[in-house]
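Structure data (CSV, C-alpha atoms) from my_file19.csv:
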```csv
chain,number,residue,atom,x,y,z
A,239,MET,CA,-7.5,-16.1,23.4
A,240,SER,CA,-5.1,-16.1,26.3
A,241,SER,CA,-1.4,-16.2,25.8
A,242,ILE,CA,0.2,-19.6,25.4
A,243,LYS,CA,3.8,-20.1,26.5
A,244,THR,CA,5.8,-22.8,24.9
A,245,GLU,CA,9.3,-24.2,25.6
A,246,LEU,CA,10.4,-22.5,22.4
A,247,PRO,CA,11.5,-18.8,22.8
A,248,ILE,CA,8.2,-17.5,21.6
A,249,GLN,CA,5.0,-16.3,23.2
A,250,VAL,CA,1.9,-17.0,21.2
A,251,LEU,CA,-0.8,-14.4,21.6
A,252,PHE,CA,-3.4,-15.6,19.1
A,253,GLU,CA,-3.8,-18.7,16.9
A,254,ASP,CA,-6.3,-20.2,14.6
A,255,ASN,CA,-6.2,-22.2,11.3
A,256,HIS,CA,-5.3,-19.1,9.3
A,257,ILE,CA,-3.2,-16.8,11.5
A,258,ILE,CA,-0.7,-16.9,14.4
A,259,ALA,CA,0.5,-13.9,16.3
A,260,VAL,CA,3.6,-13.8,18.5
A,261,ASN,CA,4.9,-11.3,21.1
A,262,LYS,CA,8.4,-10.5,19.7
A,263,ARG,CA,11.2,-10.0,22.1
A,264,PRO,CA,13.6,-7.0,21.5
A,265,SER,CA,16.4,-9.3,20.5
A,266,ASP,CA,14.5,-11.3,17.9
A,267,ILE,CA,14.5,-10.8,14.1
A,268,VAL,CA,11.3,-11.3,12.1
A,269,GLN,CA,13.2,-12.5,9.0
A,270,GLY,CA,16.8,-13.7,8.4
A,271,ASP,CA,19.4,-11.0,7.9
A,272,LYS,CA,23.2,-10.6,7.5
A,273,THR,CA,23.7,-11.6,11.2
A,274,GLY,CA,22.8,-15.2,10.4
A,275,ASP,CA,20.7,-15.3,13.6
A,276,ALA,CA,17.6,-17.6,13.5
A,277,PRO,CA,14.5,-15.6,12.7
A,278,MET,CA,11.3,-15.8,14.7
A,279,GLY,CA,9.6,-17.6,11.8
A,280,ASP,CA,11.8,-20.7,12.3
A,281,PHE,CA,10.7,-21.0,15.9
A,282,VAL,CA,7.0,-20.5,15.0
A,283,LYS,CA,7.3,-23.2,12.3
A,284,LYS,CA,8.8,-25.5,14.9
A,285,TYR,CA,6.1,-24.7,17.4
A,286,LEU,CA,3.3,-25.5,14.8
A,287,LYS,CA,5.1,-28.6,13.6
A,288,GLU,CA,5.4,-30.0,17.1
A,289,LYS,CA,1.9,-29.0,18.3
A,290,TYR,CA,0.1,-30.4,15.3
A,291,ASP,CA,2.5,-33.2,14.5
A,292,LYS,CA,2.8,-32.0,11.0
A,293,PRO,CA,4.9,-34.1,8.5
A,294,GLY,CA,7.1,-32.2,6.0
A,295,ASP,CA,7.4,-28.4,5.8
A,296,VAL,CA,5.1,-26.0,7.6
A,297,PHE,CA,3.7,-23.0,5.7
A,298,LEU,CA,4.3,-19.7,7.4
A,299,GLY,CA,3.9,-16.3,5.7
A,300,VAL,CA,5.5,-13.1,7.0
A,301,THR,CA,2.9,-10.3,6.7
A,302,HIS,CA,4.9,-7.4,8.3
A,303,ARG,CA,8.1,-6.6,10.2
A,304,ILE,CA,9.2,-4.6,13.2
A,305,ASP,CA,12.7,-3.5,13.9
A,306,ARG,CA,15.0,-5.8,15.8
A,307,PRO,CA,15.3,-3.6,19.0
A,308,VAL,CA,11.5,-3.2,19.1
A,309,SER,CA,9.1,-5.6,20.9
A,310,GLY,CA,5.5,-6.6,20.4
A,311,VAL,CA,2.9,-8.1,18.2
A,312,VAL,CA,4.0,-9.8,14.9
A,313,LEU,CA,1.4,-11.5,12.7
A,314,PHE,CA,2.1,-14.5,10.6
A,315,ALA,CA,-0.2,-16.2,8.1
A,316,ARG,CA,-0.7,-20.0,8.3
A,317,THR,CA,-2.3,-20.3,4.8
A,318,SER,CA,-1.5,-18.7,1.4
A,319,LYS,CA,-5.1,-17.3,1.3
A,320,ALA,CA,-4.6,-15.5,4.6
A,321,LEU,CA,-1.1,-14.3,3.5
A,322,THR,CA,-2.5,-12.7,0.3
A,323,ARG,CA,-5.4,-11.0,2.2
A,324,LEU,CA,-3.3,-9.8,5.1
A,325,ASN,CA,-0.7,-8.4,2.8
A,326,GLU,CA,-3.4,-6.4,1.0
A,327,MET,CA,-4.9,-5.3,4.3
A,328,PHE,CA,-1.6,-3.9,5.5
A,329,LYS,CA,-1.1,-2.2,2.1
A,330,THR,CA,-4.5,-0.6,2.3
A,331,LYS,CA,-4.2,0.4,6.0
A,332,GLU,CA,-7.1,-1.8,7.1
A,333,ILE,CA,-5.0,-3.1,10.0
A,334,LYS,CA,-4.9,-0.6,12.9
A,335,LYS,CA,-1.5,-0.6,14.7
A,336,THR,CA,-1.0,0.8,18.2
A,337,TYR,CA,2.5,1.3,19.7
A,338,TRP,CA,3.8,2.4,23.0
A,339,ALA,CA,7.0,4.4,23.3
A,340,VAL,CA,8.9,5.7,26.4
A,341,VAL,CA,10.6,9.0,25.9
A,342,LYS,CA,12.6,11.2,28.3
A,343,ASN,CA,11.4,14.6,27.0
A,344,LYS,CA,7.7,15.5,27.2
A,345,PRO,CA,6.1,16.3,23.9
A,346,PRO,CA,4.8,19.9,23.5
A,347,LEU,CA,1.2,18.8,23.7
A,348,GLU,CA,-0.7,16.1,25.6
A,349,SER,CA,-1.8,14.7,22.3
A,350,GLY,CA,-1.4,15.6,18.6
A,351,THR,CA,-0.7,14.6,15.1
A,352,LEU,CA,2.8,14.6,13.6
A,353,VAL,CA,3.4,15.1,9.9
A,354,HIS,CA,6.9,14.9,8.4
A,355,PHE,CA,8.6,13.9,5.1
A,356,LEU,CA,11.0,11.0,5.6
A,357,LYS,CA,14.0,10.3,3.4
A,358,LYS,CA,15.9,7.0,3.9
A,359,ASN,CA,19.7,6.8,3.8
A,360,GLU,CA,20.3,3.2,2.6
A,361,ALA,CA,24.0,3.2,3.4
A,362,LYS,CA,23.4,4.2,7.1
A,363,ASN,CA,20.1,2.4,7.4
A,364,MET,CA,18.6,5.6,8.8
A,365,SER,CA,15.9,8.0,7.9
A,366,LYS,CA,15.7,11.8,8.3
A,367,ALA,CA,12.6,13.8,8.9
A,368,TYR,CA,11.9,17.1,7.1
A,369,LYS,CA,9.1,19.5,7.9
A,370,GLU,CA,8.5,20.4,4.3
A,371,GLU,CA,8.2,18.3,1.1
A,372,THR,CA,11.7,17.4,0.0
A,373,MET,CA,12.8,15.6,-3.1
A,374,GLY,CA,13.0,11.8,-2.5
A,375,ALA,CA,11.2,12.1,0.9
A,376,LEU,CA,7.9,10.3,1.6
A,377,ARG,CA,5.0,11.8,3.7
A,378,CYS,CA,4.4,10.2,7.0
A,379,GLU,CA,1.9,10.8,9.7
A,380,LEU,CA,1.1,9.5,13.2
A,381,ASP,CA,-1.1,10.4,16.2
A,382,TYR,CA,0.2,10.3,19.7
A,383,LYS,CA,-1.0,10.9,23.2
A,384,ILE,CA,0.7,10.9,26.6
A,385,LEU,CA,-0.7,8.0,28.7
A,386,PHE,CA,1.4,8.4,31.9
A,387,SER,CA,4.5,10.3,33.2
A,388,SER,CA,7.0,9.3,35.8
A,389,ASP,CA,9.6,11.6,37.3
A,390,ASN,CA,11.9,11.2,34.3
A,391,TYR,CA,10.0,9.5,31.5
A,392,HIS,CA,6.7,9.6,29.6
A,393,LEU,CA,4.7,6.8,28.1
A,394,LEU,CA,3.2,7.6,24.7
A,395,GLU,CA,0.5,5.8,22.8
A,396,ILE,CA,1.0,6.1,19.0
A,397,ASN,CA,-1.1,5.2,16.0
A,398,PRO,CA,0.8,5.5,12.8
A,399,HIS,CA,-1.2,6.2,9.6
A,400,THR,CA,1.7,5.4,7.4
A,401,GLY,CA,4.4,2.7,7.6
A,402,ARG,CA,7.7,4.4,6.6
A,403,HIS,CA,11.2,3.2,7.5
A,404,HIS,CA,11.9,3.8,11.3
A,405,GLN,CA,8.9,6.2,11.2
A,406,ILE,CA,8.0,6.4,14.9
A,407,ARG,CA,11.6,6.6,15.9
A,408,VAL,CA,12.4,9.4,13.5
A,409,GLN,CA,9.3,11.5,14.0
A,410,LEU,CA,9.6,11.5,17.8
A,411,SER,CA,13.2,12.4,17.6
A,412,ALA,CA,12.3,15.2,15.2
A,413,ILE,CA,10.2,16.9,18.0
A,414,GLY,CA,12.9,16.4,20.6
A,415,CYS,CA,11.6,13.2,22.1
A,416,PRO,CA,13.9,10.4,21.2
A,417,ILE,CA,12.9,6.9,22.4
A,418,LYS,CA,14.7,5.6,25.5
A,419,GLY,CA,17.8,3.6,24.3
A,420,ASP,CA,17.6,4.7,20.7
A,421,ILE,CA,21.0,6.2,20.2
A,422,LYS,CA,20.6,6.0,16.4
A,423,TYR,CA,17.9,8.7,16.7
A,424,GLY,CA,19.3,10.9,19.5
A,425,PHE,CA,18.9,9.2,22.9
A,426,ASN,CA,22.1,9.7,24.9
A,427,ARG,CA,22.8,6.1,25.9
A,428,THR,CA,21.8,2.5,25.0
A,429,ASN,CA,19.7,0.1,27.0
A,430,SER,CA,21.8,-2.7,28.5
A,431,ASP,CA,20.1,-5.3,26.3
A,432,ALA,CA,20.4,-3.3,23.1
A,433,SER,CA,16.6,-2.8,23.0
A,434,ILE,CA,14.7,0.4,22.6
A,435,HIS,CA,11.6,1.4,24.5
A,436,LEU,CA,9.3,1.0,21.6
A,437,HIS,CA,6.6,-1.7,21.7
A,438,ALA,CA,4.0,-2.8,19.2
A,439,ARG,CA,1.2,-2.9,21.7
A,440,ALA,CA,-1.8,-4.0,19.6
A,441,VAL,CA,-3.3,-4.8,16.2
A,442,GLU,CA,-7.0,-4.6,15.2
A,443,PHE,CA,-8.5,-5.9,12.0
A,444,ILE,CA,-11.2,-7.9,10.4
A,445,HIS,CA,-10.2,-11.5,10.1
A,446,PRO,CA,-9.2,-12.1,6.5
A,447,VAL,CA,-11.2,-15.4,6.3
A,448,LYS,CA,-13.7,-15.5,9.1
A,449,LYS,CA,-14.6,-11.8,8.6
A,450,GLU,CA,-14.8,-11.3,12.4
A,451,PRO,CA,-13.2,-8.5,14.4
A,452,VAL,CA,-9.8,-9.4,15.9
A,453,ILE,CA,-7.9,-7.5,18.6
A,454,ILE,CA,-4.5,-8.8,19.6
A,455,VAL,CA,-2.7,-7.2,22.5
A,456,ALA,CA,0.9,-7.8,23.7
A,457,ASP,CA,2.4,-6.8,27.1
A,458,PRO,CA,5.8,-5.1,26.9
A,459,PRO,CA,9.0,-6.9,28.1
A,460,LYS,CA,9.6,-7.5,31.8
A,461,GLU,CA,11.8,-4.6,32.7
A,462,ALA,CA,11.7,-2.0,35.4
A,463,LEU,CA,10.5,1.0,33.5
A,464,TRP,CA,7.9,-1.0,31.4
A,465,ASP,CA,6.8,-2.7,34.7
A,466,TYR,CA,6.3,0.7,36.3
A,467,PHE,CA,4.1,1.9,33.4
A,468,MET,CA,2.2,-1.3,33.2
A,469,GLY,CA,1.4,-0.9,36.9
A,470,GLN,CA,0.0,2.6,36.2
A,471,ILE,CA,-2.1,1.2,33.4
A,472,LYS,CA,-3.6,-1.5,35.7
A,473,LYS,CA,-4.4,1.1,38.4
A,474,LYS,CA,-6.3,3.2,35.9
```

Write the structure described by the file as structure tokens, please.
Amino acid sequence: MSSIKTELPIQVLFEDNHIIAVNKRPSDIVQGDKTGDAPMGDFVKKYLKEKYDKPGDVFLGVTHRIDRPVSGVVLFARTSKALTRLNEMFKTKEIKKTYWAVVKNKPPLESGTLVHFLKKNEAKNMSKAYKEETMGALRCELDYKILFSSDNYHLLEINPHTGRHHQIRVQLSAIGCPIKGDIKYGFNRTNSDASIHLHARAVEFIHPVKKEPVIIVADPPKEALWDYFMGQIKKK
């Protein structure tokens, strides 16, 4: 299904009676937090209410989250049945997630698998990666490959096998490749809009109700470096 743009600050990527997927902007939050800013779910509910002229409250279930400075695909459930099944599918890793990341330093290999043990610091809202098993640390794993390189930056495609706190950000930083704009994990300066160059590019799964394959793809934000790499992708 092609993207649908509404007057609300959301871009709908996929929609049926059971699921709706939205392309999150870097400034958006998926669920309410201490900032008090309106979460994406509020705008999605308003979109559904207006589009279908629904009386009363609109059901919308959050199935997963991505960090505030990160952009890309976010899935919501429109029914309780879909919510239960999608939650289980995320838990059992039946949903394949693909991310793009822009880093300044080139990884040591063109492609590879990273395995670390992550320990979360609740007070600082950060995680630290260890090479060896450490008390209180959880194993994490991802695959990466270099898609394109510019003079100063490299676009990586990443498939995480686990879903740990800040996993991609921490693991790339641990090999000396912090994500552009991510000063929390070692990049030297922020992006002007407080984003980081990490984007949830796609999700692939079997529809929880229809049992059909679904692939949902989100373009990255309109920004010079993302635009450059998107241009390279289109030339390929």

Between A:Val250, A:Leu393, A:Ala375, A:Leu313, single out the one closest to A:Leu463, counting all atoms listed in the file.
-> A:Leu393

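Minimum distance to A:Val452 across A:Ala440, A:Val353, A:Leu298, A:Val408 (counting all atoms listed in the file) occurs at A:Ala440.
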
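Between atom CA of A:Ile333 and atom CA of A:Val282 lies a distance of 21.7 Å.
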
Using all atoms listed in the file, which of the listed residues (A:Ile434, A:Val441, A:Cys378, A:Leu324) sits closest to A:His403?
->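 Smallest distance to A:His403 is found for A:Cys378.
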
Out of A:Arg263, A:Arg303, A:Lys344, A:Lys362, which residue has the shortest atom-to-atom distance to A:Ala456 when counting only C-alpha atoms?
->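 Ranked by minimum distance to A:Ala456, first place goes to A:Arg263.
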
Hey, can you check how far atom CA of A:Phe328 sits from atom CA of A:Pro451?
-> 15.3 Å

Which one of A:Pro345, A:Gly274, A:Gly424, A:Gly279 sits closest to A:Ala315 if you count only C-alpha atoms?
->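 Using only C-alpha atoms, A:Ala315 sits closest to A:Gly279.
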
Measuring atom to atom with all atoms listed in the file, identify which of A:Pro307, A:Gly469, A:Pro459, A:Pro446 is nearest to A:Glu332.
->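 Once distances to A:Glu332 are computed over all atoms listed in the file, the minimum belongs to A:Pro446.
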
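Pairwise distance (atom CA of A:Asp420, atom CA of A:Ile453) equals 28.3 Å.
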
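By all atoms listed in the file, and with residues fewer than 4 positions from stretch 255-261 of chain A along its chain excluded, the set lying at most 9 Å from it is A:Ile248, A:Gln249, A:Val250, A:Leu251, A:Met278, A:Val282, A:Ser309, A:Gly310, A:Val311, A:Val312, A:Leu313, A:Phe314, A:Ala315, A:Arg316, A:Thr317, A:Ser318, A:Lys319, A:Ala320, A:Leu321, A:Ala438, A:His445, A:Pro446, A:Val447, A:Ile454, A:Val455, A:Ala456, A:Asp457, A:Pro458.
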
Near A:Asp295, within 10 Å and counting only C-alpha atoms, which residues show up once chain neighbours fewer than 4 positions away are dropped, as a list in words?
->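 Result of the neighbour search: Lys283, Lys284 and Lys287 of chain A.
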
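For A:Gly374, the residues within 10 Å (counting all atoms listed in the file, excluding itself and residues fewer than 2 positions away along the chain) are Phe355, Leu356, Lys357, Lys358, Glu371, Thr372 and Leu376 of chain A.
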
Tell me which protein, DNA and RNA residues are within 9 Å of A:Glu395, counting all atoms listed in the file, leaving out same-chain ones fewer than 3 positions away, and put them as a PyMOL selection string.
-> chain A and resi 336-339+381-385+439

Select, counting only C-alpha atoms, all protein, DNA and RNA residues no farther than 10 Å from (-0.9, 6.0, 11.3) in file coordinates, and express the selection as a count of residues only.
-> 20

Excluding same-chain residues fewer than 2 positions from A:Val341, what lies within 10 Å of it counting all atoms listed in the file, as an NGL selection string?
-> :A and (338-339 or 343-345 or 387 or 390-394 or 410-411 or 414-420 or 425 or 435-436)
